[in-house]
Amino acid sequence: MLAKLPKSQRLRKAAKVFGEAEHRFVLAGRLSPEETEYLGRITEMLIGDNHFSAAVLEALKIARERFAGGDVMRRTLNTVHHLLLAETGRCQADWDFIGQGGILDPSKRRPFPGMQVYLEDIRSPFNVGSIFRAAESFGAEKIWLSPLCADPRHKRAERSAMGCVDILPWERLSSDPFAAATGEKDPIFSRGFFALETGGIPLGDFVFPSQGILIAGSEELGVSPPALTAAGASFGRVSIPTRGAKGSLNVSVAFGIVMQAWAERLNKG
């Protein structure tokens with residue numbers, strides 16, 4: 001049936017078949033002999049099209065050999081899936097990748113007491129999920145969310161968090177703790193906080209607190225002026241020195257760098 005479809009439609013359909021096969025392989029740990037044989041036939045058909053680049057053809061031939069021997073490896077399925085997507089002009093979004101997170105065991109967590117995070121108006125669910133993953137990995141005790149922060153339960157956030165949304169405690173605040181109308185900071189900030197933002201103390205020189213809350217701000221606007229003012233009156237502002245023309249990093253990448261440095265200092269006591 002696939003062979004009778006127009007080229008572009010055939011490639012899209014074949015990419016979907018390999019993507020779904022990878023999902024089944026991840027869930028079950030194996031594919032049936034019938035499925036393996038079917039994938040081998042599709043691969044043979046694709047090789048016969050003879051319109052791929054040398055690199056793609058070589059990858060397809062390797063896949064054909066593995067399927068013929070009943071050797072279905074996840075990397076083989078993944079490689080063919082992405083090669084075919086690229087041939088259709090599509091690129092896989094990060095949140096569409098098939099992770100191996102599974103159900104995480106909360107008992108294995110070893111958080112640092114008092115290491116907490118405040119996400120101020122992070123708009124991208126992908127960034128929220130990535131921050132959750134980094135925060136959990138480096139020992140954060142809890143994450144606080146601003147009222148306008150993206151939902152950690154968004155499917156893209158959960159995909160990039162790889163199960164961390166379920167085991168890392170988090171709570172959304174009902175109002176902006178730094179807004180002038182609030183009158184005073186939310187009680188959660190009584191322990192002190194510091195901001196991740198440009199123009200601060202270089203990462204290598206920053207004195208991390210033993211307990212405190214790291215503020216990460218909006219992708220477009222950074223940490224808000226009121227929050228920066230409050231951070232200046234507490235533990236200050238930390239910045240990551242860069243040497244490139246851009247001079248800034250994606251918020252989830254920058255967050256991971258700072259969390260690793262904070263955790264390293266705490267490990268040293």
# chains A, B, ... in the order shown; residues from 1 in each chain; ligands from 1
$ select_by_dssp --residues "range 69-166 of chain A" --states "alpha helix (DSSP H)" --output "short mmCIF file (atom, residue, chain, number, x, y, z; two decimals) with C-alpha atoms, in the first residue's frame"
data_model
loop_
_atom_site.label_atom_id
_atom_site.label_comp_id
_atom_site.auth_asym_id
_atom_site.auth_seq_id
_atom_site.Cartn_x
_atom_site.Cartn_y
_atom_site.Cartn_z
CA ARG A 74 15.63 1.39 19.50
CA ARG A 75 18.42 3.45 17.95
CA THR A 76 17.69 1.89 14.56
CA LEU A 77 14.01 2.79 14.77
CA ASN A 78 14.83 6.28 16.01
CA THR A 79 17.39 6.90 13.26
CA VAL A 80 15.10 5.84 10.41
CA HIS A 81 12.19 7.82 11.88
CA HIS A 82 14.19 11.07 12.02
CA LEU A 83 15.85 10.55 8.65
CA LEU A 84 12.47 10.19 6.99
CA LEU A 85 11.11 13.23 8.80
CA ALA A 86 14.07 15.25 7.54
CA GLU A 87 13.40 14.03 3.98
CA PRO A 125 5.99 25.13 28.78
CA PHE A 126 9.14 23.58 27.31
CA ASN A 127 11.33 25.89 29.41
CA VAL A 128 9.26 25.22 32.52
CA GLY A 129 9.67 21.48 32.03
CA SER A 130 13.39 21.79 31.37
CA ILE A 131 13.80 23.88 34.52
CA PHE A 132 11.92 21.29 36.56
CA ARG A 133 14.24 18.59 35.25
CA ALA A 134 17.39 20.59 36.08
CA ALA A 135 16.03 21.67 39.46
CA GLU A 136 15.24 18.09 40.46
CA SER A 137 18.57 16.81 39.18
CA LYS A 155 1.98 18.27 27.81
CA ARG A 156 5.13 19.98 26.51
CA ALA A 157 6.26 20.82 30.04
CA GLU A 158 5.66 17.29 31.25
CA ARG A 159 7.48 15.84 28.25
CA SER A 160 10.61 17.96 28.81
CA ALA A 161 10.45 17.47 32.60
CA CYS A 164 10.12 15.53 37.52
CA VAL A 165 6.84 17.46 37.77
CA ASP A 166 5.45 14.47 39.67
#
$ atom_distance --atom1 "CA of Arg243 in chain A" --atom2 "CA of Gly204 in chain A"
14.9 Å
$ residues_around --residues "range 225-238 of chain A" --least-positions-apart "2" --cutoff "6 Å" --atoms "only C-alpha atoms" --output "list in words"
Phe178, Gly192, Phe193, Phe194, Ala195, Leu196, Gly200, Ile201 and Leu203 of chain A
$ write_last_selection --atoms "N, CA and C atoms" --output "PDB file, in the first residue's frame"
ATOM      1  N   PHE A 178       6.217  40.438  44.473  1.00  0.00           N
ATOM      2  CA  PHE A 178       7.049  41.635  44.384  1.00  0.00           C
ATOM      3  C   PHE A 178       6.255  42.870  43.934  1.00  0.00           C
ATOM      4  N   GLY A 192      15.151  34.713  52.100  1.00  0.00           N
ATOM      5  CA  GLY A 192      16.084  35.404  51.230  1.00  0.00           C
ATOM      6  C   GLY A 192      16.134  34.797  49.842  1.00  0.00           C
ATOM      7  N   PHE A 193      16.575  35.575  48.877  1.00  0.00           N
ATOM      8  CA  PHE A 193      16.562  35.126  47.490  1.00  0.00           C
ATOM      9  C   PHE A 193      17.609  35.872  46.678  1.00  0.00           C
ATOM     10  N   PHE A 194      17.894  35.325  45.487  1.00  0.00           N
ATOM     11  CA  PHE A 194      18.817  35.975  44.562  1.00  0.00           C
ATOM     12  C   PHE A 194      18.307  35.750  43.147  1.00  0.00           C
ATOM     13  N   ALA A 195      18.693  36.635  42.233  1.00  0.00           N
ATOM     14  CA  ALA A 195      18.169  36.628  40.872  1.00  0.00           C
ATOM     15  C   ALA A 195      19.223  36.172  39.874  1.00  0.00           C
ATOM     16  N   LEU A 196      18.783  35.419  38.890  1.00  0.00           N
ATOM     17  CA  LEU A 196      19.615  35.051  37.750  1.00  0.00           C
ATOM     18  C   LEU A 196      19.352  36.065  36.658  1.00  0.00           C
ATOM     19  N   GLY A 200      25.039  41.138  36.913  1.00  0.00           N
ATOM     20  CA  GLY A 200      25.252  40.809  38.312  1.00  0.00           C
ATOM     21  C   GLY A 200      26.671  40.343  38.592  1.00  0.00           C
ATOM     22  N   ILE A 201      26.850  39.682  39.718  1.00  0.00           N
ATOM     23  CA  ILE A 201      28.159  39.148  40.101  1.00  0.00           C
ATOM     24  C   ILE A 201      28.456  37.927  39.238  1.00  0.00           C
ATOM     25  N   LEU A 203      29.397  34.345  37.929  1.00  0.00           N
ATOM     26  CA  LEU A 203      29.085  33.067  38.568  1.00  0.00           C
ATOM     27  C   LEU A 203      30.226  32.560  39.452  1.00  0.00           C
TER      28      LEU A 203
END
$ atom_distance --atom1 "CA of Pro241 in chain A" --atom2 "CA of Pro202 in chain A"
6.1 Å
$ select_by_dssp --residues "range 28-269 of chain A" --states "strand (DSSP E)" --output "ChimeraX atom specification"
/A:115-119,142-145,170-172,193-202,212-216,236-239
